[in-house]
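Data first, discussion second: the structure below is written as structure tokens.
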Amino acid sequence: EKKAEVDKKKADLLSEKEKIANKIKENEEKLISHQLSVVYSDNPTYRQLNDAIVNLKGLLPQISTTSVKSKINSAILEAKYKLSLMNDNSNSSNDDNNTSYKATYQMEATAYYGHGITAMGTKPVRDSNGLSTVAVDKNVIPLGSKLYIPGYGYAIAADTGGAIKEMKIDLFMNTQEECYAFGRRKVTVHVIAYPGEW
């Protein structure tokens, strides 16, 4: 009886683990869907392909599902191939370099570290040359949005927190020391793109 009870609990746990893994995969696929549509479209511009490569490379360290990582790597190779067929000078000049933001907020920022998984199911990272992870109030900034925070860099709104309400943001750091050094401060948060737009 005990063995049967343990076996049932194991089966239930495996089933729940599978459901969670499927939800994480679904979230990760949504996160990369726009970039894939750009790469595999018929007439992407030079700038769109370049942006797609940068965004996909930035997302790669945050992805945990093997099949999604494979899609990212394939898309990066495809984008590089398409770029190699284009004349750099003629295509890059067709794009406007106007930097406009969807929204800009003045927020109170704190820092956190050490979490294993975000609210979106991705791995939190701090990459000053790529895409870092931040926690937001999803009623203010939707999860999956791409942000730019001067002094911190580009980030994905991928996490939430109990104390992160309204005009508060939590920036992911690699160590506790970095969090203490950052402290609490006012930051400007630019929304570059909402989910599905980048």
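Chain identifiers are assigned as A, B, and so on, following the order in which chains appear in the structure tokens; residues are numbered from 1 within each chain, and ligands are numbered from 1 in order of appearance.
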
Give me the residues of stretch 63-166 of chain A that have any atom at most 8 Å from an atom of stretch 16-27 of chain A; for each, the nearest atom pair and the distance in Å, rounded to one decimal. Use only C-alpha atoms, sort by chain and number, and format it as a tab-separated table.
residue	atom	partner	partner_atom	distance
A:Thr65	CA	A:Lys25	CA	6.0
A:Val68	CA	A:Lys25	CA	7.2
A:Met120	CA	A:Asn27	CA	6.3
A:Gly121	CA	A:Ile24	CA	5.0
A:Thr122	CA	A:Ile24	CA	7.2

Restricting the output to C-alpha atoms, write the selected residues as a compact mmCIF listing (two decimals), in the first residue's frame.
# COMPACT_ATOMS: atom_id res chain seq x y z
CA THR A 65 14.08 24.44 -23.37
CA VAL A 68 13.64 26.54 -28.33
CA MET A 120 7.92 33.76 -17.27
CA GLY A 121 9.86 30.54 -16.65
CA THR A 122 13.16 31.83 -18.05

Listing only residues of stretch 110-145 of chain A within 8 Å of stretch 150-167 of chain A, what is the closest atom pair and its distance in Å (to one decimal) for each, using only C-alpha atoms, sorted by chain and residue number ascending, as CSV?
residue,atom,partner,partner_atom,distance
A:Thr118,CA,A:Asp159,CA,4.9
A:Ala119,CA,A:Asp159,CA,4.7
A:Met120,CA,A:Ala158,CA,5.5
A:Thr122,CA,A:Ala158,CA,7.4
A:Ser128,CA,A:Gly153,CA,6.0
A:Asn129,CA,A:Gly153,CA,7.4
A:Gly130,CA,A:Tyr154,CA,6.5
A:Leu131,CA,A:Ala155,CA,4.7
A:Ser132,CA,A:Ala155,CA,4.4
A:Thr133,CA,A:Ile156,CA,5.2
A:Val134,CA,A:Ala157,CA,5.1
A:Ala135,CA,A:Asp159,CA,4.1
A:Val136,CA,A:Thr160,CA,5.2
A:Asp137,CA,A:Lys165,CA,5.1
A:Lys138,CA,A:Thr160,CA,7.2
A:Asn139,CA,A:Glu166,CA,7.5
A:Val140,CA,A:Glu166,CA,6.2
A:Ile141,CA,A:Ala157,CA,7.3
A:Pro142,CA,A:Ala157,CA,7.2
A:Leu143,CA,A:Ala157,CA,5.1
A:Gly144,CA,A:Ala157,CA,5.4
A:Ser145,CA,A:Ala157,CA,5.4

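If you measure from each of A:Leu49, A:His190, A:Ser67, A:Met86 to A:Lys146 using only C-alpha atoms, the closest one turns out to be A:His190.
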
Point to revise | atom CA of A:Thr175 to atom CA of A:Ala193, straight-line distance in Å | key: 28.2 Å

Revision key, fill the gap. Counting only C-alpha atoms, closest pick from A:Thr45, A:Ser64, A:Thr188, A:Asn174 relative to A:Thr104 is A:Thr188

**Study point:** Distance criterion (only C-alpha atoms): nearest to A:Ile169 out of A:Arg185, A:Ile53, A:Ala75, A:Gln35
**Key:** A:Arg185

Review point. Taking the backbone alone, and naming residues the way the document does, which bits of stretch 19-144 of chain A are helix (DSSP H, G or I) by DSSP, as a VMD selection string?
Key: chain A and resid 19 to 39 46 to 62 66 to 85 88 to 92

**Study point:** Interatomic distance, atom CA of A:Tyr112 to atom CA of A:Tyr180 (Å, one decimal)
**Key:** 9.2 Å
